[in-house]
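Q: Got a structure for you, questions after.
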Amino acid sequence: MTTLTATEQTPPPAAPARPAYRVTGRRVLASEWEKLWSLRSTWITLGLGLLFLVAFGLIASGRYESTYGSPHMDHDFASSTAVSLSLFGSNFAQLALGVLGVLVTAGEYSTGMIRSSLAAVPRRLPVLWSKAAVFGLVALVVALVGVFVAFFFGSRIVSGTPAAMGFSHAGVVRSLLGAALYLGLVGVVGTALGSLLRSVAGGISVLVAALMLVPGLASLLPSSWRDDITRYLPSNAGESMFTLTHDSTSLSPGAGLLVLLGWTALALAGAAYRLLRSDV
């Protein structure tokens with residue numbers, strides 16, 4: 001008699017279940033934070049921006065102190081204050097921070113990494129908001145450190161001169177905070193231009209034109225138009241945020257901030273529209 005032995009089939013082991021990952025705002029911010037600091041250009045450019053703020057501020061303060069009371073003193077320095085001398089490097093720092101902002105977004109388009117970023121975040125817009133928020137905050141912190149360090153040492157260089165001022169003087173802290181906020185917003189505008197134009201060269205060109213070229217060309221306008229137009233340009237509106245004294249040709253600090261916020265929002269809106277409407 002044949003005995004049939006039924007062999008019990010052992011089911012294959014079940015594959016371990018993958019953990020469910022959700023795309024959240026905090027995780028997108030953390031991702032952009034890691035990407036920002038993984039680039040060597042971030043450290044170099046932020047270092048340059050900080051160097052420009054401190055070094056040029058100290059150079060301007062030292063030049064004022066060395067030429068004070070002599071016939072060789074530059075007329076542009078005659079009415080300077082410790083604040084304006086310390087913030088002399090802001091024009092150079094804005095280029096460094098703005099250019100890095102362009103690289104943060106446009107650099108991903110040139111390398112193709114933007115496809116991976118948007119594949120992980122299909123809704124797209126959180127990527128743009130996170131890039132702008134992360135870099136804007138970093139630029140603001142760097143600018144805060146730079147302007148306060150430049151003023152701390154610059155005010156000591158010019159002590160004993162008509163330009164001498166301290167933190168307790170009216171408007172000084174407001175001017176320093178306004179300069180840092182202006183530089184932070186320039187960084188955000190740079191990220192928006194990089195995402196809008198998707199070209200490093202194009203973004204940098206438009207940024208430099210908006211901050212430096214257009215204000216210079218505006219001086220060629222008829223005098224009846226000039227003041228009404230130039231005060232609303234991004235760089236002039238930003239300058240009114242950290243200028244101690246104002247006249248009829250410039251905006252108040254609050255109005256300058258609102259105008260610059262409007263330019264920033266316009267650049268971000270254009271970048272968001274293109275990000276949603278066109279392929280990468």
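Just remember, in the structure tokens the first chain shown is A, the second B, etc., residues are 1-based per chain, and ligands are 1-based in the order shown.
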Skip stretch 158-171 of chain A itself and residues of its chain fewer than 6 positions away, then list as a PyMOL selection string all residues within 12 Å of it, counting only C-alpha atoms.

A: chain A and resi 57-69+77-86+148-149+151-152+177-178+241-246+253

Q: Quick one: everything within 12 Å of A:Thr24, counting only C-alpha atoms, minus sequence neighbours fewer than 3 positions away in the same chain. Send it as a PyMOL selection string.

A: chain A and resi 21+27-31+120-123+126-127+130

Q: For the structure I just gave you, how does DSSP split stretch 15-88 of chain A - specifically, which residues are helix (DSSP H, G or I)? Reply as a ChimeraX atom specification.

A: /A:25-37,40-67,75-77,82-88

Q: Save out the residues we just selected, C-alpha atoms, as a PDB file, in the first residue's frame.

A:
```
ATOM      1  CA  GLY A  25       6.138  71.556   4.936  1.00  0.00           C
ATOM      2  CA  ARG A  26       8.682  70.790   7.637  1.00  0.00           C
ATOM      3  CA  ARG A  27      10.268  68.015   5.575  1.00  0.00           C
ATOM      4  CA  VAL A  28      10.447  70.168   2.465  1.00  0.00           C
ATOM      5  CA  LEU A  29      12.115  72.925   4.487  1.00  0.00           C
ATOM      6  CA  ALA A  30      14.575  70.416   5.948  1.00  0.00           C
ATOM      7  CA  SER A  31      15.375  69.124   2.469  1.00  0.00           C
ATOM      8  CA  GLU A  32      16.072  72.608   1.131  1.00  0.00           C
ATOM      9  CA  TRP A  33      18.185  73.377   4.185  1.00  0.00           C
ATOM     10  CA  GLU A  34      20.350  70.314   3.547  1.00  0.00           C
ATOM     11  CA  LYS A  35      20.687  71.124  -0.164  1.00  0.00           C
ATOM     12  CA  LEU A  36      21.687  74.709   0.557  1.00  0.00           C
ATOM     13  CA  TRP A  37      24.536  73.806   2.892  1.00  0.00           C
ATOM     14  CA  ARG A  40      30.464  74.837  -1.659  1.00  0.00           C
ATOM     15  CA  SER A  41      29.246  78.006  -3.357  1.00  0.00           C
ATOM     16  CA  THR A  42      26.963  78.683  -0.373  1.00  0.00           C
ATOM     17  CA  TRP A  43      29.837  78.924   2.065  1.00  0.00           C
ATOM     18  CA  ILE A  44      32.018  80.941  -0.303  1.00  0.00           C
ATOM     19  CA  THR A  45      29.365  83.461  -1.335  1.00  0.00           C
ATOM     20  CA  LEU A  46      27.964  83.964   2.150  1.00  0.00           C
ATOM     21  CA  GLY A  47      31.510  84.495   3.369  1.00  0.00           C
ATOM     22  CA  LEU A  48      32.060  87.092   0.663  1.00  0.00           C
ATOM     23  CA  GLY A  49      28.836  88.870   1.562  1.00  0.00           C
ATOM     24  CA  LEU A  50      29.866  89.023   5.220  1.00  0.00           C
ATOM     25  CA  LEU A  51      33.370  90.151   4.258  1.00  0.00           C
ATOM     26  CA  PHE A  52      32.015  92.918   2.021  1.00  0.00           C
ATOM     27  CA  LEU A  53      29.783  94.243   4.796  1.00  0.00           C
ATOM     28  CA  VAL A  54      32.463  94.310   7.476  1.00  0.00           C
ATOM     29  CA  ALA A  55      35.583  95.110   5.443  1.00  0.00           C
ATOM     30  CA  PHE A  56      34.163  97.940   3.326  1.00  0.00           C
ATOM     31  CA  GLY A  57      32.413  99.416   6.357  1.00  0.00           C
ATOM     32  CA  LEU A  58      35.683  99.509   8.289  1.00  0.00           C
ATOM     33  CA  ILE A  59      37.598 100.855   5.281  1.00  0.00           C
ATOM     34  CA  ALA A  60      35.088 103.692   4.842  1.00  0.00           C
ATOM     35  CA  SER A  61      35.218 104.501   8.563  1.00  0.00           C
ATOM     36  CA  GLY A  62      39.003 104.473   8.550  1.00  0.00           C
ATOM     37  CA  ARG A  63      39.170 106.727   5.512  1.00  0.00           C
ATOM     38  CA  TYR A  64      36.811 109.211   7.120  1.00  0.00           C
ATOM     39  CA  GLU A  65      38.796 109.281  10.351  1.00  0.00           C
ATOM     40  CA  SER A  66      42.131 109.692   8.567  1.00  0.00           C
ATOM     41  CA  THR A  67      40.969 112.569   6.355  1.00  0.00           C
ATOM     42  CA  HIS A  75      33.030 115.963  -0.191  1.00  0.00           C
ATOM     43  CA  ASP A  76      30.928 112.796  -0.274  1.00  0.00           C
ATOM     44  CA  PHE A  77      32.246 111.917   3.187  1.00  0.00           C
ATOM     45  CA  ALA A  82      28.827 106.223  11.626  1.00  0.00           C
ATOM     46  CA  VAL A  83      25.766 104.418  10.243  1.00  0.00           C
ATOM     47  CA  SER A  84      26.298 105.404   6.617  1.00  0.00           C
ATOM     48  CA  LEU A  85      30.010 104.621   6.841  1.00  0.00           C
ATOM     49  CA  SER A  86      29.401 101.224   8.435  1.00  0.00           C
ATOM     50  CA  LEU A  87      26.812 100.329   5.780  1.00  0.00           C
ATOM     51  CA  PHE A  88      29.081 101.350   2.908  1.00  0.00           C
TER      52      PHE A  88
END
```

Q: Please identify all polymer residues within 8 Å of stretch 104-110 of chain A, counting only C-alpha atoms, omitting same-chain residues fewer than 3 positions from it, and present them as a PDB file with N, CA and C atoms, in the first residue's frame.

A:
```
ATOM      1  N   LEU A  36      21.000  73.421   0.544  1.00  0.00           N
ATOM      2  CA  LEU A  36      21.687  74.709   0.557  1.00  0.00           C
ATOM      3  C   LEU A  36      23.092  74.580   1.115  1.00  0.00           C
ATOM      4  N   LEU A 100      23.808  84.541  -5.022  1.00  0.00           N
ATOM      5  CA  LEU A 100      23.640  83.225  -4.408  1.00  0.00           C
ATOM      6  C   LEU A 100      22.181  82.799  -4.428  1.00  0.00           C
ATOM      7  N   GLY A 101      21.264  83.754  -4.251  1.00  0.00           N
ATOM      8  CA  GLY A 101      19.849  83.429  -4.361  1.00  0.00           C
ATOM      9  C   GLY A 101      19.490  82.893  -5.737  1.00  0.00           C
ATOM     10  N   MET A 113      18.659  68.726 -11.341  1.00  0.00           N
ATOM     11  CA  MET A 113      18.214  68.230 -10.039  1.00  0.00           C
ATOM     12  C   MET A 113      16.786  68.657  -9.723  1.00  0.00           C
ATOM     13  N   ILE A 114      16.299  69.682 -10.419  1.00  0.00           N
ATOM     14  CA  ILE A 114      14.942  70.149 -10.153  1.00  0.00           C
ATOM     15  C   ILE A 114      13.917  69.059 -10.442  1.00  0.00           C
ATOM     16  N   LYS A 131      12.529  77.142  -0.654  1.00  0.00           N
ATOM     17  CA  LYS A 131      13.810  77.715  -1.078  1.00  0.00           C
ATOM     18  C   LYS A 131      13.896  79.191  -0.698  1.00  0.00           C
ATOM     19  N   THR A 191      16.295  84.359  -5.513  1.00  0.00           N
ATOM     20  CA  THR A 191      15.743  83.009  -5.684  1.00  0.00           C
ATOM     21  C   THR A 191      14.544  83.028  -6.629  1.00  0.00           C
ATOM     22  N   ALA A 192      13.727  84.063  -6.551  1.00  0.00           N
ATOM     23  CA  ALA A 192      12.566  84.164  -7.440  1.00  0.00           C
ATOM     24  C   ALA A 192      13.003  84.350  -8.891  1.00  0.00           C
ATOM     25  N   GLY A 194      15.839  83.403 -10.223  1.00  0.00           N
ATOM     26  CA  GLY A 194      16.436  82.158 -10.693  1.00  0.00           C
ATOM     27  C   GLY A 194      15.392  81.144 -11.102  1.00  0.00           C
ATOM     28  N   SER A 195      14.290  81.065 -10.336  1.00  0.00           N
ATOM     29  CA  SER A 195      13.210  80.135 -10.678  1.00  0.00           C
ATOM     30  C   SER A 195      12.403  80.624 -11.870  1.00  0.00           C
ATOM     31  N   LEU A 197      13.475  82.671 -14.448  1.00  0.00           N
ATOM     32  CA  LEU A 197      14.231  82.663 -15.704  1.00  0.00           C
ATOM     33  C   LEU A 197      14.909  81.315 -15.967  1.00  0.00           C
ATOM     34  N   ARG A 198      15.116  80.511 -14.920  1.00  0.00           N
ATOM     35  CA  ARG A 198      15.724  79.185 -15.045  1.00  0.00           C
ATOM     36  C   ARG A 198      17.088  79.230 -15.717  1.00  0.00           C
ATOM     37  N   SER A 199      17.789  80.306 -15.509  1.00  0.00           N
ATOM     38  CA  SER A 199      19.114  80.496 -16.095  1.00  0.00           C
ATOM     39  C   SER A 199      19.955  81.284 -15.107  1.00  0.00           C
ATOM     40  N   VAL A 200      21.135  80.766 -14.781  1.00  0.00           N
ATOM     41  CA  VAL A 200      22.017  81.468 -13.854  1.00  0.00           C
ATOM     42  C   VAL A 200      22.445  82.805 -14.443  1.00  0.00           C
ATOM     43  N   GLY A 203      19.364  85.208 -14.684  1.00  0.00           N
ATOM     44  CA  GLY A 203      18.936  85.690 -13.379  1.00  0.00           C
ATOM     45  C   GLY A 203      19.887  86.726 -12.812  1.00  0.00           C
ATOM     46  N   VAL A 280       9.541  71.215 -16.586  1.00  0.00           N
ATOM     47  CA  VAL A 280      10.912  71.396 -16.151  1.00  0.00           C
ATOM     48  C   VAL A 280      11.863  70.514 -16.943  1.00  0.00           C
TER      49      VAL A 280
END
```

Q: Considering only C-alpha atoms, state which residue in the set A:Leu125, A:Val134, A:Glu239, A:Ala218 is at the smallest distance from A:Leu275.

A: A:Leu125

Q: Between atom CA of A:Gln94 and atom CA of A:Gly112, what is the distance, to one decimal in Å?

A: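 About the pair atom CA of A:Gln94 and atom CA of A:Gly112: they are 27.2 Å apart.
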